[in-house]
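First the structure, in the form of structure tokens, and then the observations on it.
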Amino acid sequence: MIVREAKLLNGSQSQYARLDSAIRTAQFIRNKAVRLWLDEPDVDKSRISRLCKELAQQFPFAKKLNSMARQASGERAWNSISSFYRRCREGAKNKGYPQFKKYSRSVEYKTSGWKLSEDCLTINFTDGFKAGRFSLFCNHKTREDLFRLKINRVRVVRRADGYYAQFCFDASRFEAGNYTGNLVGIDLGLKYFYKDQNDNSAIYPKYLRQAEKRTRETTAAAVKKVCQRQEASIKQLPQSQN
């Protein structure tokens, strides 16, 4: 899976407020799933999936959120629960007990609840909150992936500088390389960073030594400047008549 990011621009204050409502609803569903796990015994993933449907029937604001987004929020809760069980089986020191979310900043849509324009310049959120259309500001690489790759999920993330859309593409990273079949032995040393069997070596960058040298030079310059100021102030003092 490849994740690319684009900033959501040209939206009104009411549109961004609707995105906040969707984020809070996703947080509400996740916390409800954790509460169900605490209250009932033998809660599994299918029970949490049924809970998402029950919450949509019980709360009108939860029904506004897309059904797949509700399921994704339930999956987040189950991931934390299953990770807790796995750490307990492994005997880990930090179990990672599932906690309630207080400040959630994202909501995740799967294949519905949003629609991308044909030119991939705008995205329209079409669930019950009706956040509407936003412009996508991204780099050239993200724009290419929007055209040629399949989008599995869209995640809306709120940050200090605005709102972002993260696109999860159905693709795997692969870097082509030329395999020569030659084996190279590498040795790490004190006078050099490494040296291979062909006597090719890399010199240490010596960041600490360079930083110490700069610190000594800066300190010496500061001390010299202070001494000069003190000598100048002594010369300006009035001399006694005796």
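Ordered as shown in the structure tokens, chains take letters A, B, and onward, while each chain numbers its residues from 1 and ligands are numbered from 1 in the order shown.
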
Out of stretch 97-240 of chain A, which residues get alpha helix (DSSP H) from DSSP, as a PyMOL selection string?
chain A and resi 140-148+207-235

N, CA, C and O atoms of the current selection, written as a short mmCIF file (atom, residue, chain, number, x, y, z; two decimals), in the first residue's frame:
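This went into out33.cif:
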```
data_model
loop_
_atom_site.label_atom_id
_atom_site.label_comp_id
_atom_site.auth_asym_id
_atom_site.auth_seq_id
_atom_site.Cartn_x
_atom_site.Cartn_y
_atom_site.Cartn_z
N HIS A 140 3.38 16.63 -7.86
CA HIS A 140 3.18 15.96 -9.15
C HIS A 140 3.08 14.45 -8.99
O HIS A 140 2.30 13.79 -9.70
N LYS A 141 3.84 13.88 -8.07
CA LYS A 141 3.82 12.43 -7.87
C LYS A 141 2.46 11.96 -7.37
O LYS A 141 1.93 10.94 -7.84
N THR A 142 1.88 12.70 -6.45
CA THR A 142 0.55 12.34 -5.95
C THR A 142 -0.49 12.46 -7.04
O THR A 142 -1.40 11.62 -7.15
N ARG A 143 -0.37 13.49 -7.88
CA ARG A 143 -1.34 13.65 -8.98
C ARG A 143 -1.26 12.50 -9.96
O ARG A 143 -2.29 12.01 -10.45
N GLU A 144 -0.06 12.01 -10.24
CA GLU A 144 0.08 10.86 -11.14
C GLU A 144 -0.57 9.61 -10.54
O GLU A 144 -1.26 8.86 -11.24
N ASP A 145 -0.35 9.39 -9.25
CA ASP A 145 -0.92 8.20 -8.61
C ASP A 145 -2.44 8.27 -8.57
O ASP A 145 -3.12 7.24 -8.64
N LEU A 146 -3.00 9.46 -8.44
CA LEU A 146 -4.46 9.59 -8.44
C LEU A 146 -5.05 9.15 -9.78
O LEU A 146 -6.17 8.62 -9.83
N PHE A 147 -4.31 9.35 -10.85
CA PHE A 147 -4.81 8.97 -12.18
C PHE A 147 -4.63 7.48 -12.47
O PHE A 147 -5.52 6.86 -13.05
N ARG A 148 -3.52 6.90 -12.04
CA ARG A 148 -3.19 5.56 -12.52
C ARG A 148 -3.40 4.44 -11.51
O ARG A 148 -3.47 3.28 -11.90
N TYR A 207 30.96 14.47 12.96
CA TYR A 207 30.07 15.58 13.31
C TYR A 207 30.37 16.12 14.71
O TYR A 207 30.31 17.33 14.95
N LEU A 208 30.69 15.23 15.64
CA LEU A 208 30.96 15.68 17.01
C LEU A 208 32.21 16.54 17.07
O LEU A 208 32.23 17.59 17.73
N ARG A 209 33.27 16.11 16.38
CA ARG A 209 34.50 16.91 16.39
C ARG A 209 34.27 18.27 15.75
O ARG A 209 34.77 19.29 16.23
N GLN A 210 33.54 18.31 14.66
CA GLN A 210 33.26 19.59 14.01
C GLN A 210 32.41 20.50 14.90
O GLN A 210 32.65 21.71 14.98
N ALA A 211 31.44 19.90 15.60
CA ALA A 211 30.61 20.71 16.50
C ALA A 211 31.43 21.24 17.68
O ALA A 211 31.27 22.39 18.10
N GLU A 212 32.33 20.42 18.21
CA GLU A 212 33.18 20.88 19.31
C GLU A 212 34.09 22.01 18.85
O GLU A 212 34.34 22.98 19.59
N LYS A 213 34.62 21.91 17.64
CA LYS A 213 35.49 22.96 17.13
C LYS A 213 34.73 24.27 16.97
O LYS A 213 35.23 25.35 17.33
N ARG A 214 33.51 24.19 16.43
CA ARG A 214 32.70 25.40 16.28
C ARG A 214 32.37 26.00 17.64
O ARG A 214 32.34 27.23 17.81
N THR A 215 32.10 25.14 18.62
CA THR A 215 31.79 25.64 19.96
C THR A 215 32.98 26.35 20.58
O THR A 215 32.84 27.42 21.21
N ARG A 216 34.19 25.79 20.42
CA ARG A 216 35.39 26.44 20.95
C ARG A 216 35.63 27.79 20.28
O ARG A 216 35.95 28.78 20.95
N GLU A 217 35.47 27.83 18.98
CA GLU A 217 35.69 29.10 18.28
C GLU A 217 34.65 30.15 18.68
O GLU A 217 35.00 31.33 18.88
N THR A 218 33.41 29.74 18.81
CA THR A 218 32.36 30.69 19.20
C THR A 218 32.59 31.19 20.62
O THR A 218 32.42 32.38 20.92
N THR A 219 32.98 30.28 21.53
CA THR A 219 33.23 30.67 22.92
C THR A 219 34.42 31.62 23.01
O THR A 219 34.39 32.62 23.74
N ALA A 220 35.48 31.33 22.26
CA ALA A 220 36.65 32.22 22.28
C ALA A 220 36.31 33.60 21.74
O ALA A 220 36.75 34.62 22.29
N ALA A 221 35.50 33.66 20.68
CA ALA A 221 35.11 34.95 20.14
C ALA A 221 34.26 35.73 21.13
O ALA A 221 34.40 36.96 21.28
N ALA A 222 33.36 35.03 21.83
CA ALA A 222 32.51 35.71 22.81
C ALA A 222 33.33 36.24 23.98
O ALA A 222 33.12 37.37 24.46
N VAL A 223 34.29 35.42 24.47
CA VAL A 223 35.15 35.87 25.58
C VAL A 223 35.99 37.06 25.17
O VAL A 223 36.19 38.02 25.94
N LYS A 224 36.52 37.04 23.96
CA LYS A 224 37.34 38.15 23.46
C LYS A 224 36.53 39.43 23.38
O LYS A 224 37.01 40.52 23.74
N LYS A 225 35.28 39.30 22.94
CA LYS A 225 34.43 40.49 22.82
C LYS A 225 34.12 41.07 24.20
O LYS A 225 34.12 42.30 24.40
N VAL A 226 33.86 40.20 25.19
CA VAL A 226 33.58 40.67 26.54
C VAL A 226 34.80 41.37 27.13
O VAL A 226 34.70 42.42 27.78
N CYS A 227 35.99 40.80 26.91
CA CYS A 227 37.22 41.42 27.43
C CYS A 227 37.45 42.79 26.80
O CYS A 227 37.87 43.74 27.48
N GLN A 228 37.20 42.92 25.52
CA GLN A 228 37.37 44.21 24.86
C GLN A 228 36.40 45.25 25.43
O GLN A 228 36.76 46.41 25.62
N ARG A 229 35.17 44.84 25.72
CA ARG A 229 34.20 45.78 26.29
C ARG A 229 34.63 46.20 27.69
O ARG A 229 34.50 47.39 28.06
N GLN A 230 35.16 45.27 28.48
CA GLN A 230 35.61 45.63 29.82
C GLN A 230 36.80 46.58 29.76
O GLN A 230 36.87 47.53 30.54
N GLU A 231 37.75 46.36 28.87
CA GLU A 231 38.90 47.25 28.74
C GLU A 231 38.46 48.64 28.29
O GLU A 231 38.97 49.66 28.78
N ALA A 232 37.48 48.67 27.39
CA ALA A 232 36.99 49.98 26.94
C ALA A 232 36.29 50.72 28.05
O ALA A 232 36.42 51.95 28.19
N SER A 233 35.53 50.02 28.88
CA SER A 233 34.84 50.69 29.98
C SER A 233 35.82 51.17 31.04
O SER A 233 35.60 52.22 31.67
N ILE A 234 36.93 50.44 31.26
CA ILE A 234 37.95 50.87 32.24
C ILE A 234 38.65 52.13 31.76
O ILE A 234 38.94 53.05 32.53
N LYS A 235 38.93 52.20 30.46
CA LYS A 235 39.60 53.38 29.93
C LYS A 235 38.73 54.63 30.03
O LYS A 235 39.24 55.75 30.12
#
```

Could you name the residues that touch stretch 34-42 of chain A at 10 Å or less, counting only C-alpha atoms, but leaving out those on the same chain fewer than 3 positions away, as an NGL selection string?
:A and (29-31 or 47-48 or 51 or 74 or 76-78 or 80-81 or 98-101)

Produce a file of the selected residues containing all heavy atoms, as a compact mmCIF listing (two decimals), in the first residue's frame.
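For reference, selection-v2.txt as written:
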```
# COMPACT_ATOMS: atom_id res chain seq x y z
N ILE A 29 -17.86 6.49 17.75
CA ILE A 29 -18.08 5.08 17.44
C ILE A 29 -16.93 4.23 17.98
O ILE A 29 -17.15 3.13 18.52
CB ILE A 29 -18.26 4.90 15.93
CG1 ILE A 29 -19.56 5.59 15.47
CG2 ILE A 29 -18.27 3.44 15.53
CD1 ILE A 29 -19.75 5.61 13.99
N ARG A 30 -15.72 4.71 17.84
CA ARG A 30 -14.58 3.94 18.37
C ARG A 30 -14.66 3.80 19.88
O ARG A 30 -14.43 2.72 20.44
CB ARG A 30 -13.27 4.62 17.98
CG ARG A 30 -12.04 3.84 18.41
CD ARG A 30 -10.81 4.70 18.48
NE ARG A 30 -9.66 3.94 18.99
CZ ARG A 30 -9.43 3.73 20.28
NH1 ARG A 30 -10.26 4.23 21.19
NH2 ARG A 30 -8.38 3.01 20.67
N ASN A 31 -15.00 4.89 20.58
CA ASN A 31 -15.10 4.81 22.03
C ASN A 31 -16.25 3.91 22.47
O ASN A 31 -16.14 3.20 23.49
CB ASN A 31 -15.28 6.21 22.61
CG ASN A 31 -14.04 7.06 22.47
OD1 ASN A 31 -12.94 6.54 22.27
ND2 ASN A 31 -14.19 8.37 22.56
N ARG A 47 -19.00 -8.73 16.47
CA ARG A 47 -19.88 -8.03 17.41
C ARG A 47 -19.68 -6.53 17.31
O ARG A 47 -20.65 -5.76 17.38
CB ARG A 47 -19.58 -8.51 18.83
CG ARG A 47 -20.43 -7.83 19.90
CD ARG A 47 -21.89 -8.18 19.75
NE ARG A 47 -22.73 -7.47 20.69
CZ ARG A 47 -23.31 -6.29 20.42
NH1 ARG A 47 -23.13 -5.69 19.24
NH2 ARG A 47 -24.08 -5.70 21.32
N ILE A 48 -18.46 -6.08 17.13
CA ILE A 48 -18.21 -4.65 16.97
C ILE A 48 -18.79 -4.16 15.65
O ILE A 48 -19.31 -3.03 15.56
CB ILE A 48 -16.70 -4.38 17.05
CG1 ILE A 48 -16.18 -4.66 18.47
CG2 ILE A 48 -16.37 -2.94 16.65
CD1 ILE A 48 -14.71 -4.44 18.66
N LEU A 51 -22.33 -3.58 16.25
CA LEU A 51 -22.51 -2.38 17.07
C LEU A 51 -22.57 -1.12 16.21
O LEU A 51 -23.36 -0.20 16.50
CB LEU A 51 -21.37 -2.27 18.08
CG LEU A 51 -21.35 -0.99 18.92
CD1 LEU A 51 -22.53 -0.95 19.88
CD2 LEU A 51 -20.04 -0.87 19.70
N GLY A 74 -14.88 1.17 13.82
CA GLY A 74 -14.94 -0.04 14.63
C GLY A 74 -13.69 -0.90 14.46
O GLY A 74 -13.23 -1.52 15.43
N ARG A 76 -10.71 0.20 13.94
CA ARG A 76 -9.65 0.83 14.73
C ARG A 76 -9.72 0.35 16.18
O ARG A 76 -8.70 0.06 16.81
CB ARG A 76 -9.78 2.34 14.67
CG ARG A 76 -9.36 2.96 13.36
CD ARG A 76 -9.35 4.47 13.47
NE ARG A 76 -8.90 5.11 12.25
CZ ARG A 76 -8.73 6.42 12.11
NH1 ARG A 76 -8.97 7.21 13.15
NH2 ARG A 76 -8.32 6.94 10.98
N ALA A 77 -10.95 0.31 16.72
CA ALA A 77 -11.09 -0.16 18.09
C ALA A 77 -10.67 -1.62 18.22
O ALA A 77 -9.98 -2.00 19.17
CB ALA A 77 -12.54 0.02 18.55
N TRP A 78 -11.07 -2.45 17.25
CA TRP A 78 -10.70 -3.85 17.33
C TRP A 78 -9.20 -4.06 17.15
O TRP A 78 -8.62 -4.97 17.75
CB TRP A 78 -11.46 -4.65 16.28
CG TRP A 78 -11.06 -6.09 16.26
CD1 TRP A 78 -10.37 -6.75 15.29
CD2 TRP A 78 -11.28 -7.05 17.30
NE1 TRP A 78 -10.16 -8.05 15.63
CE2 TRP A 78 -10.71 -8.27 16.87
CE3 TRP A 78 -11.90 -7.00 18.54
CZ2 TRP A 78 -10.74 -9.41 17.65
CZ3 TRP A 78 -11.94 -8.14 19.32
CH2 TRP A 78 -11.36 -9.33 18.87
N SER A 80 -6.84 -2.11 18.30
CA SER A 80 -6.24 -1.86 19.61
C SER A 80 -6.51 -3.02 20.57
O SER A 80 -5.63 -3.39 21.37
CB SER A 80 -6.76 -0.55 20.19
OG SER A 80 -8.16 -0.63 20.41
N ILE A 81 -7.71 -3.61 20.49
CA ILE A 81 -8.04 -4.73 21.38
C ILE A 81 -7.22 -5.96 21.01
O ILE A 81 -6.66 -6.65 21.89
CB ILE A 81 -9.55 -5.03 21.30
CG1 ILE A 81 -10.35 -3.84 21.85
CG2 ILE A 81 -9.90 -6.29 22.08
CD1 ILE A 81 -11.84 -3.92 21.60
N PRO A 98 -6.34 -0.94 25.79
CA PRO A 98 -7.14 -0.02 24.94
C PRO A 98 -7.68 1.15 25.74
O PRO A 98 -8.26 0.97 26.81
CB PRO A 98 -8.26 -0.93 24.42
CG PRO A 98 -7.70 -2.31 24.49
CD PRO A 98 -6.81 -2.33 25.70
N GLN A 99 -7.49 2.34 25.22
CA GLN A 99 -7.91 3.56 25.89
C GLN A 99 -8.97 4.27 25.05
O GLN A 99 -9.09 4.06 23.85
CB GLN A 99 -6.71 4.49 26.10
CG GLN A 99 -5.58 3.89 26.93
CD GLN A 99 -5.95 3.72 28.37
OE1 GLN A 99 -6.79 4.45 28.90
NE2 GLN A 99 -5.29 2.77 29.03
N PHE A 100 -9.73 5.13 25.71
CA PHE A 100 -10.70 5.96 25.01
C PHE A 100 -9.99 7.13 24.34
O PHE A 100 -9.07 7.72 24.90
CB PHE A 100 -11.76 6.50 25.98
CG PHE A 100 -12.65 5.44 26.56
CD1 PHE A 100 -12.47 5.03 27.87
CD2 PHE A 100 -13.64 4.84 25.81
CE1 PHE A 100 -13.27 4.05 28.41
CE2 PHE A 100 -14.44 3.86 26.33
CZ PHE A 100 -14.26 3.46 27.65
N LYS A 101 -10.43 7.46 23.15
CA LYS A 101 -9.89 8.59 22.42
C LYS A 101 -10.54 9.87 22.90
O LYS A 101 -11.77 9.97 22.97
CB LYS A 101 -10.13 8.41 20.92
CG LYS A 101 -9.17 7.47 20.23
CD LYS A 101 -7.87 8.17 19.91
CE LYS A 101 -6.99 7.30 19.04
NZ LYS A 101 -5.74 7.97 18.68
```

Write out as a PyMOL selection string the residues lying within 12 Å of A:Ile186, counting only C-alpha atoms and excluding same-chain residues fewer than 2 positions away.
chain A and resi 183-184+188-189+192-202

When you look at stretch 160-165 of chain A with a cut-off of 12 Å (counting only C-alpha atoms), what residues show up, excluding the ones that are within fewer than 6 positions of it in the same chain? I need them as number ranges by chain.
A: 3-11, 13, 15-20, 23, 105-109, 114, 116, 122-125, 134-138, 142, 153-154

Please report the interatomic distance between atom CA of A:Ala72 and atom CA of A:Lys95 in Å with one decimal.
23.2 Å

Residues of stretch 1-228 of chain A classed as strand (DSSP E) by DSSP on the backbone are to be reported as number ranges by chain.
A: 2-9, 106-109, 114-116, 122-125, 132-137, 151-159, 162-169, 186-187, 194-196, 201-202

Using Å and a single decimal, report how far atom CA of A:Arg133 sits from atom CA of A:Ser172.
29.5 Å

Atom CA of A:Thr126 to atom CA of A:Lys110, straight-line distance in Å
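Spanning atom CA of A:Lys110 to atom CA of A:Thr126 is a straight-line distance of 12.6 Å.
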